[in-house]
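Enquirer: My structure is in query.cif, and what it holds is mmCIF, C-alpha atoms:
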```
data_work
#
loop_
_atom_site.label_atom_id
_atom_site.label_comp_id
_atom_site.auth_asym_id
_atom_site.auth_seq_id
_atom_site.Cartn_x
_atom_site.Cartn_y
_atom_site.Cartn_z
CA MET A 1 -49.23 42.58 11.82
CA ASN A 2 -45.45 42.68 11.64
CA LYS A 3 -45.10 46.41 11.11
CA PRO A 4 -42.15 47.99 12.88
CA SER A 5 -42.98 48.62 16.51
CA TYR A 6 -43.61 52.18 17.57
CA VAL A 7 -43.34 53.63 21.07
CA ASN A 8 -44.92 57.07 21.56
CA GLY A 9 -44.87 57.59 17.79
CA GLU A 10 -41.16 56.82 17.57
CA LYS A 11 -39.67 53.66 16.08
CA MET A 12 -38.27 51.19 18.58
CA THR A 13 -34.51 51.12 18.69
CA LEU A 14 -33.12 47.97 17.10
CA SER A 15 -30.34 45.89 18.58
CA ARG A 16 -27.02 45.46 16.82
CA SER A 17 -27.88 41.94 15.73
CA GLU A 18 -31.19 43.10 14.27
CA LEU A 19 -29.38 45.87 12.40
CA ARG A 20 -26.90 43.32 11.11
CA ASP A 21 -29.72 41.19 9.78
CA ILE A 22 -31.38 44.15 8.07
CA VAL A 23 -28.19 45.39 6.40
CA ASP A 24 -27.70 41.88 5.09
CA LEU A 25 -31.23 41.59 3.70
CA ALA A 26 -31.15 45.07 2.15
CA LEU A 27 -27.82 44.33 0.47
CA TRP A 28 -29.15 41.07 -0.88
CA ALA A 29 -32.20 42.73 -2.38
CA GLY A 30 -30.10 45.58 -3.80
CA GLN A 31 -27.59 43.17 -5.26
CA MET A 32 -30.30 41.24 -7.08
CA LEU A 33 -31.77 44.43 -8.53
CA LEU A 34 -28.44 45.80 -9.72
CA ARG A 35 -27.38 42.44 -11.13
CA CYS A 36 -30.57 42.03 -13.11
CA GLY A 37 -30.55 45.38 -14.84
CA ALA A 38 -32.48 47.83 -12.65
CA GLU A 39 -31.57 51.50 -12.87
CA SER A 40 -29.78 53.13 -9.91
CA GLN A 41 -32.81 55.11 -8.75
CA ARG A 42 -34.85 51.93 -8.34
CA VAL A 43 -32.06 50.16 -6.45
CA GLU A 44 -31.68 53.10 -4.09
CA GLU A 45 -35.38 53.56 -3.46
CA THR A 46 -36.21 49.87 -3.02
CA VAL A 47 -33.32 49.26 -0.63
CA HIS A 48 -34.22 52.35 1.37
CA ARG A 49 -37.86 51.36 1.71
CA LEU A 50 -37.02 47.75 2.60
CA GLY A 51 -34.64 48.94 5.31
CA THR A 52 -36.97 51.50 6.84
CA GLY A 53 -39.87 49.07 6.50
CA LEU A 54 -37.94 46.57 8.60
CA GLY A 55 -37.58 49.11 11.38
CA CYS A 56 -34.42 51.13 10.71
CA ASP A 57 -34.65 54.88 11.32
CA TRP A 58 -32.65 55.56 8.21
CA ILE A 59 -30.68 53.72 5.59
CA ASP A 60 -28.10 55.16 3.22
CA ILE A 61 -27.06 53.49 -0.02
CA LEU A 62 -24.12 54.09 -2.29
CA VAL A 63 -24.90 52.57 -5.68
CA SER A 64 -21.77 52.17 -7.70
CA PRO A 65 -21.66 50.15 -10.94
CA ASN A 66 -20.32 46.99 -9.31
CA VAL A 67 -20.44 47.65 -5.56
CA LEU A 68 -23.19 48.43 -3.09
CA ILE A 69 -22.47 50.06 0.26
CA ILE A 70 -25.27 50.27 2.82
CA THR A 71 -25.44 51.83 6.26
CA THR A 72 -28.41 51.11 8.49
CA THR A 73 -29.14 53.40 11.43
CA SER A 74 -31.37 52.94 14.44
CA GLY A 75 -31.17 55.22 17.43
CA GLU A 76 -27.49 55.72 18.16
CA GLU A 77 -26.44 52.46 16.56
CA PHE A 78 -25.40 51.99 12.94
CA ARG A 79 -23.88 49.25 10.81
CA THR A 80 -22.25 49.33 7.38
CA LYS A 81 -21.54 46.62 4.88
CA VAL A 82 -20.08 46.47 1.37
CA ARG A 83 -21.00 43.97 -1.28
CA ARG A 84 -19.54 43.34 -4.70
CA VAL A 85 -22.14 42.99 -7.45
CA VAL A 86 -21.37 41.27 -10.71
CA GLN A 87 -23.62 42.38 -13.54
CA MET A 88 -25.24 39.50 -15.35
CA GLY A 89 -27.85 39.75 -18.10
CA VAL A 90 -31.24 41.34 -17.70
CA ASP A 91 -33.91 39.52 -15.71
CA MET A 92 -37.10 41.51 -15.34
CA ALA A 93 -38.87 38.75 -13.39
CA VAL A 94 -36.36 39.23 -10.55
CA VAL A 95 -36.65 43.03 -10.69
CA ALA A 96 -40.44 42.77 -10.52
CA ALA A 97 -40.37 40.25 -7.67
CA VAL A 98 -37.93 42.24 -5.52
CA ASN A 99 -39.87 45.42 -6.21
CA ASP A 100 -43.04 43.67 -5.05
CA LEU A 101 -41.42 42.83 -1.70
CA LYS A 102 -41.30 46.46 -0.64
CA PHE A 103 -45.08 46.81 -1.00
CA ARG A 104 -45.72 43.57 0.85
CA LEU A 105 -43.34 44.65 3.60
CA GLU A 106 -45.00 48.04 3.94
CA ALA A 107 -48.41 46.36 4.02
CA GLY A 108 -47.18 44.35 6.99
CA GLU A 109 -47.26 40.98 5.27
CA LEU A 110 -43.57 40.27 5.76
CA ASP A 111 -41.07 40.39 8.58
CA ARG A 112 -37.30 39.86 8.66
CA PHE A 113 -37.58 36.09 8.55
CA SER A 114 -40.19 35.72 5.82
CA LEU A 115 -38.37 38.40 3.79
CA ARG A 116 -35.25 36.25 3.88
CA ALA A 117 -37.24 33.24 2.70
CA GLU A 118 -38.76 35.33 -0.11
CA LEU A 119 -35.33 36.59 -1.24
CA GLU A 120 -34.13 33.00 -1.25
CA ARG A 121 -37.07 32.03 -3.45
CA ILE A 122 -36.48 34.92 -5.88
CA ASP A 123 -32.78 34.07 -6.11
CA ASN A 124 -33.74 30.61 -7.34
CA LEU A 125 -36.54 31.61 -9.72
CA PRO A 126 -36.42 29.39 -12.80
CA GLN A 127 -36.25 30.91 -16.28
CA GLN A 128 -39.81 31.38 -17.51
CA TYR A 129 -39.17 30.77 -21.17
CA ASN A 130 -37.66 27.66 -22.68
CA ARG A 131 -34.22 28.47 -24.10
CA TRP A 132 -35.09 27.26 -27.60
CA LEU A 133 -38.23 29.37 -27.58
CA VAL A 134 -36.04 32.36 -26.71
CA VAL A 135 -33.65 31.47 -29.54
CA GLY A 136 -36.50 31.35 -32.04
CA MET A 137 -38.17 34.51 -30.78
CA VAL A 138 -34.95 36.52 -30.72
CA GLY A 139 -34.24 35.34 -34.27
CA LEU A 140 -37.73 36.42 -35.26
CA ALA A 141 -37.25 39.77 -33.49
CA CYS A 142 -34.11 40.49 -35.51
CA ALA A 143 -35.90 39.39 -38.68
CA SER A 144 -38.70 41.83 -37.80
CA PHE A 145 -36.09 44.58 -37.58
CA SER A 146 -35.02 43.73 -41.13
CA ARG A 147 -38.65 44.30 -42.20
CA LEU A 148 -38.65 47.65 -40.41
CA PHE A 149 -35.51 48.57 -42.39
CA ASP A 150 -37.41 47.77 -45.63
CA GLY A 151 -35.64 44.48 -46.24
CA ASP A 152 -37.32 41.94 -48.54
CA TRP A 153 -38.35 38.39 -47.62
CA ALA A 154 -34.99 36.88 -48.61
CA VAL A 155 -33.29 39.21 -46.14
CA PHE A 156 -35.95 38.26 -43.58
CA GLY A 157 -35.11 34.57 -43.93
CA VAL A 158 -31.34 35.04 -43.83
CA THR A 159 -31.64 37.28 -40.76
CA LEU A 160 -33.89 34.77 -39.01
CA VAL A 161 -31.33 31.98 -39.49
CA ALA A 162 -28.31 34.16 -38.70
CA ALA A 163 -29.78 35.69 -35.55
CA SER A 164 -31.13 32.37 -34.22
CA LEU A 165 -27.77 30.67 -34.67
CA ALA A 166 -26.00 33.65 -33.14
CA MET A 167 -28.34 33.51 -30.15
CA THR A 168 -27.52 29.82 -29.68
CA VAL A 169 -23.81 30.64 -29.77
CA ARG A 170 -24.37 33.41 -27.24
CA GLN A 171 -26.20 31.10 -24.84
CA GLU A 172 -23.58 28.38 -25.15
CA LEU A 173 -20.65 30.74 -24.59
CA GLY A 174 -22.51 32.44 -21.75
CA ARG A 175 -22.96 29.12 -20.00
CA ARG A 176 -19.22 28.57 -20.22
CA HIS A 177 -18.56 31.97 -18.56
CA PHE A 178 -16.56 33.53 -21.36
CA ASN A 179 -15.51 37.16 -21.02
CA SER A 180 -18.54 39.21 -22.02
CA PHE A 181 -16.77 41.21 -24.74
CA LEU A 182 -15.26 38.07 -26.23
CA LEU A 183 -18.73 36.55 -26.20
CA VAL A 184 -20.14 39.52 -28.12
CA ILE A 185 -17.32 39.43 -30.68
CA ALA A 186 -17.82 35.70 -31.28
CA THR A 187 -21.59 36.04 -31.55
CA ALA A 188 -21.36 38.97 -33.96
CA PHE A 189 -18.84 36.98 -35.99
CA VAL A 190 -21.22 34.05 -36.38
CA ALA A 191 -24.15 36.36 -37.21
CA GLY A 192 -21.98 38.19 -39.74
CA LEU A 193 -20.77 35.00 -41.42
CA ILE A 194 -24.29 33.77 -42.06
CA ALA A 195 -25.76 37.15 -42.93
CA SER A 196 -22.97 37.63 -45.48
CA LEU A 197 -24.43 34.73 -47.45
CA ALA A 198 -27.21 37.07 -48.60
CA THR A 199 -24.54 39.07 -50.42
CA VAL A 200 -22.44 36.13 -51.55
CA TRP A 201 -25.38 34.25 -53.03
CA HIS A 202 -27.02 37.42 -54.43
CA LEU A 203 -30.28 36.73 -52.66
CA SER A 204 -31.47 40.31 -52.47
CA ASP A 205 -30.99 43.87 -53.74
CA GLN A 206 -29.99 45.23 -50.35
CA PRO A 207 -28.18 42.32 -48.70
CA GLN A 208 -26.46 44.68 -46.22
CA THR A 209 -29.75 44.94 -44.32
CA ALA A 210 -29.30 41.33 -43.22
CA LEU A 211 -25.88 42.18 -41.76
CA ALA A 212 -27.17 45.14 -39.80
CA ALA A 213 -30.30 43.38 -38.55
CA SER A 214 -28.80 40.05 -37.54
CA VAL A 215 -26.49 41.57 -34.92
CA LEU A 216 -29.24 43.60 -33.26
CA LEU A 217 -29.74 40.86 -30.67
CA LEU A 218 -26.44 42.03 -29.20
CA VAL A 219 -27.21 45.74 -29.10
CA PRO A 220 -26.70 46.91 -25.50
CA GLY A 221 -30.16 48.43 -25.22
CA VAL A 222 -30.51 48.06 -21.46
CA PRO A 223 -27.07 49.44 -20.51
CA LEU A 224 -27.56 52.39 -22.86
CA ILE A 225 -31.13 53.20 -21.75
CA ASN A 226 -30.18 52.80 -18.09
CA ALA A 227 -27.10 54.98 -18.68
CA MET A 228 -29.22 57.85 -19.97
CA GLU A 229 -31.82 57.37 -17.25
CA ASP A 230 -29.16 57.39 -14.53
CA LEU A 231 -27.61 60.54 -15.98
CA ILE A 232 -30.99 62.31 -16.11
CA LYS A 233 -31.77 61.35 -12.52
CA GLY A 234 -28.42 62.45 -11.14
CA HIS A 235 -26.60 59.12 -10.80
CA MET A 236 -23.66 60.37 -12.80
CA VAL A 237 -21.04 57.75 -11.97
CA THR A 238 -23.21 54.71 -12.74
CA GLY A 239 -24.56 56.50 -15.82
CA ILE A 240 -21.11 57.14 -17.25
CA VAL A 241 -19.92 53.62 -16.54
CA ARG A 242 -22.99 52.09 -18.16
CA ALA A 243 -22.59 54.30 -21.21
CA ILE A 244 -18.97 53.17 -21.57
CA VAL A 245 -19.99 49.53 -21.19
CA GLY A 246 -22.62 50.07 -23.91
CA GLY A 247 -20.02 51.70 -26.16
CA LEU A 248 -17.55 48.86 -25.65
CA ILE A 249 -20.22 46.27 -26.45
CA SER A 250 -21.06 48.17 -29.66
CA LEU A 251 -17.38 48.23 -30.54
CA SER A 252 -17.16 44.48 -29.93
CA ILE A 253 -20.12 43.92 -32.25
CA ALA A 254 -18.38 45.93 -34.94
CA LEU A 255 -15.14 44.00 -34.46
CA GLY A 256 -16.83 40.62 -34.78
CA LEU A 257 -18.76 41.76 -37.83
CA LEU A 258 -15.72 43.26 -39.53
CA LEU A 259 -13.87 40.01 -39.03
CA ALA A 260 -16.70 38.08 -40.65
CA MET A 261 -17.13 40.60 -43.48
CA SER A 262 -13.46 40.70 -44.40
CA LEU A 263 -13.38 36.89 -44.35
CA MET A 264 -16.39 36.70 -46.68
CA GLY A 265 -15.28 39.69 -48.75
CA VAL A 266 -18.50 41.69 -48.41
CA SER A 267 -19.17 45.31 -47.55
CA GLY A 268 -21.47 46.15 -44.66
CA LEU A 269 -22.66 49.58 -45.77
CA MET B 1 -49.84 59.50 -48.95
CA THR B 2 -53.54 58.81 -48.58
CA PHE B 3 -55.10 58.04 -45.24
CA THR B 4 -55.60 54.32 -45.92
CA GLU B 5 -52.02 53.93 -47.09
CA LEU B 6 -50.83 55.64 -43.93
CA VAL B 7 -52.93 53.37 -41.74
CA ARG B 8 -51.71 50.30 -43.55
CA ALA B 9 -48.08 51.38 -43.21
CA LEU B 10 -48.55 52.09 -39.51
CA VAL B 11 -50.27 48.78 -38.82
CA GLU B 12 -47.50 46.89 -40.57
CA ASP B 13 -44.91 48.93 -38.66
CA ALA B 14 -46.65 48.21 -35.35
CA PHE B 15 -46.87 44.50 -36.16
CA TRP B 16 -43.15 44.05 -36.80
CA SER B 17 -42.05 46.23 -33.92
CA GLY B 18 -44.44 44.32 -31.65
CA ILE B 19 -42.74 41.07 -32.60
CA ALA B 20 -39.33 42.63 -32.05
CA ALA B 21 -40.42 43.84 -28.61
CA MET B 22 -41.77 40.38 -27.78
CA GLY B 23 -38.47 38.67 -28.67
CA PHE B 24 -36.51 41.02 -26.46
CA ALA B 25 -39.06 40.89 -23.65
CA MET B 26 -38.60 37.12 -23.58
CA LEU B 27 -34.83 37.57 -23.62
CA PHE B 28 -35.23 39.86 -20.59
CA ASN B 29 -37.38 37.20 -18.89
CA VAL B 30 -40.37 39.50 -18.22
CA PRO B 31 -43.17 37.92 -16.18
CA GLN B 32 -45.45 35.97 -18.52
CA ARG B 33 -48.64 37.75 -17.53
CA VAL B 34 -47.27 41.14 -18.66
CA LEU B 35 -45.70 39.94 -21.93
CA ILE B 36 -48.65 41.17 -24.00
CA ALA B 37 -48.39 44.64 -22.45
CA CYS B 38 -44.69 44.81 -23.40
CA VAL B 39 -45.63 43.91 -26.97
CA ALA B 40 -48.28 46.65 -27.00
CA ALA B 41 -45.81 49.24 -25.68
CA GLY B 42 -43.24 48.28 -28.33
CA ALA B 43 -45.78 48.32 -31.16
CA VAL B 44 -47.39 51.65 -30.24
CA GLY B 45 -44.09 53.39 -29.46
CA HIS B 46 -42.49 52.55 -32.77
CA ALA B 47 -45.68 53.29 -34.72
CA VAL B 48 -45.88 56.74 -33.10
CA ARG B 49 -42.31 57.39 -34.09
CA THR B 50 -42.98 56.31 -37.68
CA LEU B 51 -46.12 58.46 -37.78
CA MET B 52 -44.16 61.48 -36.59
CA MET B 53 -41.46 60.90 -39.20
CA GLU B 54 -43.62 59.97 -42.19
CA TYR B 55 -46.63 62.19 -41.65
CA PHE B 56 -45.40 65.16 -39.63
CA GLY B 57 -41.95 65.22 -41.22
CA MET B 58 -39.99 65.17 -37.98
CA THR B 59 -36.37 64.03 -37.93
CA ILE B 60 -35.58 60.80 -36.13
CA ALA B 61 -34.48 62.15 -32.74
CA PRO B 62 -37.56 64.25 -31.87
CA ALA B 63 -39.79 61.56 -33.38
CA THR B 64 -38.12 59.06 -31.04
CA LEU B 65 -38.82 61.38 -28.13
CA ALA B 66 -42.50 61.34 -29.09
CA GLY B 67 -42.56 57.56 -29.47
CA ALA B 68 -40.70 57.01 -26.20
CA THR B 69 -43.06 59.37 -24.39
CA ALA B 70 -45.93 57.17 -25.57
CA VAL B 71 -44.03 54.13 -24.26
CA GLY B 72 -43.35 55.93 -20.98
CA PHE B 73 -47.00 56.75 -20.37
CA MET B 74 -48.09 53.24 -21.36
CA GLY B 75 -45.49 51.86 -18.96
CA TYR B 76 -46.77 54.17 -16.22
CA PHE B 77 -50.33 52.97 -16.77
CA PHE B 78 -49.39 49.29 -17.02
CA ALA B 79 -47.19 49.56 -13.92
CA HIS B 80 -50.24 50.62 -11.90
CA TYR B 81 -52.49 48.10 -13.58
CA TYR B 82 -50.24 45.04 -13.17
CA GLU B 83 -48.34 46.27 -10.08
CA VAL B 84 -45.00 45.60 -11.73
CA PRO B 85 -42.19 48.19 -12.08
CA SER B 86 -42.64 50.40 -15.13
CA ALA B 87 -39.11 49.56 -16.31
CA VAL B 88 -40.38 46.12 -17.34
CA PHE B 89 -42.61 47.74 -19.97
CA THR B 90 -40.53 50.77 -20.90
CA VAL B 91 -37.28 48.89 -21.50
CA SER B 92 -38.80 46.18 -23.69
CA GLY B 93 -41.09 48.74 -25.33
CA ALA B 94 -38.20 51.05 -26.18
CA ILE B 95 -36.05 48.27 -27.66
CA PRO B 96 -37.47 48.61 -31.22
CA MET B 97 -36.41 52.28 -31.18
CA VAL B 98 -32.88 51.73 -29.86
CA PRO B 99 -30.51 53.07 -32.54
CA GLY B 100 -28.74 49.78 -33.13
CA VAL B 101 -28.03 50.48 -36.77
CA PHE B 102 -26.70 53.97 -36.04
CA ALA B 103 -24.39 52.57 -33.34
CA TYR B 104 -23.33 49.84 -35.77
CA ARG B 105 -22.52 52.34 -38.53
CA THR B 106 -20.66 54.57 -36.07
CA MET B 107 -18.35 51.75 -35.13
CA ILE B 108 -17.85 50.48 -38.70
CA TYR B 109 -16.91 53.99 -39.85
CA ALA B 110 -14.74 54.55 -36.77
CA ILE B 111 -12.70 51.48 -37.68
CA ARG B 112 -12.51 52.65 -41.30
CA ILE B 113 -10.78 55.87 -40.12
CA THR B 114 -7.60 53.79 -39.90
CA SER B 115 -7.62 53.52 -43.72
CA ALA B 116 -4.33 54.47 -45.44
CA ASP B 117 -6.20 56.59 -48.01
CA THR B 118 -6.63 60.08 -46.51
CA ALA B 119 -9.80 60.87 -48.47
CA ILE B 120 -11.50 57.66 -47.28
CA ALA B 121 -10.31 58.24 -43.71
CA GLN B 122 -11.63 61.81 -43.65
CA GLN B 123 -15.00 60.79 -45.07
CA ALA B 124 -15.16 57.96 -42.52
CA LEU B 125 -14.43 60.38 -39.68
CA LEU B 126 -17.30 62.56 -40.87
CA ASP B 127 -19.69 59.62 -41.23
CA ALA B 128 -18.70 58.22 -37.83
CA SER B 129 -19.36 61.59 -36.16
CA VAL B 130 -22.76 62.04 -37.83
CA ASN B 131 -23.89 58.54 -36.88
CA GLY B 132 -22.44 58.83 -33.39
CA ILE B 133 -24.27 62.08 -32.68
CA GLN B 134 -27.50 60.60 -34.06
CA THR B 135 -27.06 57.58 -31.77
CA ALA B 136 -26.57 59.77 -28.71
CA LEU B 137 -29.51 62.04 -29.53
CA ILE B 138 -31.88 59.14 -30.21
CA LEU B 139 -30.84 57.48 -26.95
CA ALA B 140 -31.38 60.74 -25.08
CA GLY B 141 -34.83 60.96 -26.68
CA ILE B 142 -35.66 57.42 -25.52
CA ALA B 143 -34.47 58.06 -21.97
CA VAL B 144 -36.25 61.40 -21.56
CA GLY B 145 -39.40 59.95 -23.13
CA ILE B 146 -39.66 56.87 -20.95
CA ALA B 147 -38.70 58.85 -17.84
CA ALA B 148 -41.25 61.59 -18.65
CA PRO B 149 -44.11 60.28 -16.44
CA SER B 150 -41.88 59.85 -13.41
CA LEU B 151 -40.23 63.24 -14.00
CA LEU B 152 -43.67 64.88 -14.26
CA PHE B 153 -45.70 63.05 -11.63
CA GLU B 154 -43.30 61.66 -9.02
CA ARG B 155 -41.71 64.82 -7.77
CA HIS B 156 -41.43 64.03 -4.10
CA LYS B 157 -38.53 65.18 -1.98
CA PRO B 158 -35.73 62.63 -2.47
CA VAL B 159 -35.94 59.97 0.23
CA VAL B 160 -32.33 58.97 0.07
#
```
Can you dump the structure from the file as structure tokens?

Expert:
Amino acid sequence: MNKPSYVNGEKMTLSRSELRDIVDLALWAGQMLLRCGAESQRVEETVHRLGTGLGCDWIDILVSPNVLIITTTSGEEFRTKVRRVVQMGVDMAVVAAVNDLKFRLEAGELDRFSLRAELERIDNLPQQYNRWLVVGMVGLACASFSRLFDGDWAVFGVTLVAASLAMTVRQELGRRHFNSFLLVIATAFVAGLIASLATVWHLSDQPQTALAASVLLLVPGVPLINAMEDLIKGHMVTGIVRAIVGGLISLSIALGLLLAMSLMGVSGL
Amino acid sequence: MTFTELVRALVEDAFWSGIAAMGFAMLFNVPQRVLIACVAAGAVGHAVRTLMMEYFGMTIAPATLAGATAVGFMGYFFAHYYEVPSAVFTVSGAIPMVPGVFAYRTMIYAIRITSADTAIAQQALLDASVNGIQTALILAGIAVGIAAPSLLFERHKPVV
């Protein structure tokens, strides 16, 4: 019903104020995707399809690691806008919801005004999982890793406690907006302190497994996977930046752990 | 290894990697209705990798490529089934295979290179390089594997 209007098979030319609205909406959608851990290809494609679905002839996107630049074109008119994007944790519910908008728009279920309302709704989506449930499950996930590394049940228990406490620390520091590398160092330090107890108290034959497994909650899986995916698909700049971010996070984990290990006098290898 | 032993080992492997995938899927706030599919992708992917390593004697990087390809195709299928981007499934499904321990060892050895003892420093440099290259190759395997369906099937002219 609200599909872009066509005259003689050509899209209607949009006014400058309509173009302004579309560039704004497209940037908003793109910003949410990039912020919540989508790879560059998805950001580019979704923004393009939202823009053309709203009636632009063409829309060009520059995806850079922390900036989006969008130009919308209709007839002879064009408008460009830049927006800063701050990367914050991964939120797949937002990625899925924004991705869904492009299908609904193309099916004609949405127009400029309802799209804005939808973006507003997605921006305020509540977390789906209770934070303590996440703490417990992430602790259990790290403990499962210790099983995969052939750790025994003592290591499993120590890892469960260490990773759950570390996850709590991470959430608390995150809420207080600490620098992300500092946050990783502090979290790895706490995980390392507790995991070292397996060695100090001689709980197991391979107590190092607890050390390695309990910091896995910090491993920058999404930046590293996205980095490789961006590089494969030709988004070299974002790929390189994400790889470096992943490397720096790994280095921060190692720093926090080393601090804890030297304090407790244990060896991690 | 007999067949039953292999099956038992694989089931146990799939169980623990499924739980690991579930923890991270919840950390990534995946939509609740697809959580079970993320768990399945994580369990199958890691079990395929273990099968390739234990039974077919592959080294870790190509085995990861095989496991990640399984995750990629599962993600492709689930994406159509649930109408949710495939990244939701592939990222949480690939998490159990991410070379966290290799990255961890790389960094620990890299810091040890600063040791005053030349012999220790040289050995640390060697160990850091080996682990670093393993990390990069495993990651490349994951990325190529989970991107495989889109690289094979979605070959339209670039829109942008």

Enquirer: Applying 12 Å and all atoms listed in the file, which residues near B:Val101 remain after dropping the ones on its own chain fewer than 3 positions away? List them as a ChimeraX atom specification.

Expert: /A:142,145-146,148-149,208-221,250,253-254,268-269 /B:96-98,104-108,131-132,134-135,138

Enquirer: Can you turn the PyMOL selection byres ((chain B and resi 47) around 10) into a concrete residue list for this file, as a count of residues only?

Expert: 25

Enquirer: Which residues, named as in the file, does the PyMOL selection byres ((chain B and resi 83) around 12) pick out? Answer as a PyMOL selection string.

Expert: (chain A and resi 96-97+99-104) or (chain B and resi 31+33-34+75-82+84-89)

Enquirer: If we count all atoms listed in the file and set the cut-off at 10 Å, which residues sit around A:Met167, ignoring sequence neighbours fewer than 3 positions away in its own chain? Please answer as JSON, numbers by chain.

Expert: {"A": [131, 132, 134, 135, 136, 137, 138, 139, 161, 162, 163, 164, 170, 171, 172, 173, 187, 188, 190, 191, 214, 215, 217, 218]}

Enquirer: Give me the result of the PyMOL selection byres ((chain B and resi 25) around 10) on this file, residue by residue, as number ranges by chain.

Expert: A: 90-92, 134, 137-138; B: 19-24, 26-32, 34-36, 38-39, 42, 88-89, 91-93, 95

Enquirer: Using atom CA of A:Met88 and atom CA of A:Gly53 as the two end points, give the distance in Å to one decimal.

Expert: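 Between atom CA of A:Met88 and atom CA of A:Gly53 the gap is 28.0 Å.
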
Enquirer: If we count all atoms listed in the file and set the cut-off at 8 Å, which residues sit around A:Asp123, ignoring sequence neighbours fewer than 4 positions away in its own chain? Please answer as a VMD selection string.

Expert: chain A and resid 32 94 119

Enquirer: May I have the residues from that selection written out with C-alpha atoms, as an mmCIF file, keeping the file's coordinate frame?

Expert:
```cif
data_model
loop_
_atom_site.group_PDB
_atom_site.id
_atom_site.type_symbol
_atom_site.label_atom_id
_atom_site.label_comp_id
_atom_site.auth_asym_id
_atom_site.auth_seq_id
_atom_site.Cartn_x
_atom_site.Cartn_y
_atom_site.Cartn_z
ATOM 1 C CA MET A 32 -30.300 41.240 -7.080
ATOM 2 C CA VAL A 94 -36.360 39.230 -10.550
ATOM 3 C CA LEU A 119 -35.330 36.590 -1.240
#
```

Enquirer: If we draw a sphere of 8 Å around (-32.7, 61.8, -19.7), which residues have at least one atom in it when counting only C-alpha atoms? Please report them as a ChimeraX atom specification.

Expert: /A:228-233 /B:140-145,147

Enquirer: When distances are computed from only C-alpha atoms, which of B:Met1, B:Ser115, B:Leu139, B:Ala148 shows the smallest separation from B:Ala61?

Expert: B:Leu139

Enquirer: If I take atom CA of A:Ala29 and atom CA of A:Gly89, how far is one from the other in Å, to one decimal?

Expert: 16.6 Å

Enquirer: Taking all atoms listed in the file into account, name the residue in A:Thr71, A:Gln31, A:Thr46, A:Ser144 that is nearest to chain B.

Expert: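 Under the stated criterion, the closest residue is A:Ser144.
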
Enquirer: What's the separation between atom CA of A:Leu257 and atom CA of A:Leu193, in Å to one decimal place?

Expert: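 Straight-line distance from atom CA of A:Leu257 to atom CA of A:Leu193 works out to 7.9 Å.
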
Enquirer: Compare A:Leu258, A:Leu54, A:Leu14, A:Leu33 by their minimum atom-to-atom distance to chain B, counting all atoms listed in the file, and give me the closest one.

Expert: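 Once distances to chain B are computed over all atoms listed in the file, the minimum belongs to A:Leu258.
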
Enquirer: Measuring between only C-alpha atoms, which one of A:Ser267, A:Gln87, A:Asn66, A:Ser204 shows the shortest distance to A:Thr238?

Expert: A:Asn66

Enquirer: Within 9 Å of A:Ala227, counting all atoms listed in the file, which residues qualify if same-chain residues fewer than 5 places away don't, as a VMD selection string?

Expert: (chain A and resid 39 222 232 235 to 236 238 to 244 246) or (chain B and resid 143)

Enquirer: Nearest to chain A: which of B:Leu125, B:Leu152, B:Pro99, B:Ile120 is it, counting only C-alpha atoms?

Expert: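 That would be B:Pro99, the residue with the smallest distance to chain A.
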
Enquirer: Report, as JSON, the centre and edge lengths in Å (one decimal) of the axis-aligned box enclosing every listed atom of stretch 22-26 of chain A, padded by 8 Å on each side.

Expert:
```
{"center_x": -29.5, "center_y": 43.5, "center_z": 5.1, "size_x": 19.7, "size_y": 19.8, "size_z": 21.9}
```

Enquirer: Have a look at B:Phe102, B:Thr114, B:Leu126, B:Thr59 and name the one nearest to chain A; count all atoms listed in the file.

Expert: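 So, comparing all the options, the nearest one is B:Phe102.
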
Enquirer: Taking N, CA and C atoms as the atom set, what does stretch 172-179 of chain A look like once completed, written as a compact mmCIF listing (two decimals), in the frame of the given file?

Expert:
```
# COMPACT_ATOMS: atom_id res chain seq x y z
N GLU A 172 -24.58 29.40 -25.45
CA GLU A 172 -23.58 28.38 -25.15
C GLU A 172 -22.33 28.99 -24.53
N LEU A 173 -21.85 30.10 -25.13
CA LEU A 173 -20.65 30.74 -24.59
C LEU A 173 -20.94 31.33 -23.21
N GLY A 174 -22.14 31.87 -23.05
CA GLY A 174 -22.51 32.44 -21.75
C GLY A 174 -22.49 31.39 -20.66
N ARG A 175 -22.97 30.20 -20.98
CA ARG A 175 -22.96 29.12 -20.00
C ARG A 175 -21.56 28.73 -19.60
N ARG A 176 -20.61 28.94 -20.51
CA ARG A 176 -19.22 28.57 -20.22
C ARG A 176 -18.45 29.74 -19.62
N HIS A 177 -19.14 30.81 -19.26
CA HIS A 177 -18.56 31.97 -18.56
C HIS A 177 -17.40 32.60 -19.32
N PHE A 178 -17.58 32.80 -20.62
CA PHE A 178 -16.56 33.53 -21.36
C PHE A 178 -16.63 35.00 -20.99
N ASN A 179 -15.53 35.70 -21.19
CA ASN A 179 -15.51 37.16 -21.02
C ASN A 179 -16.61 37.78 -21.88
```
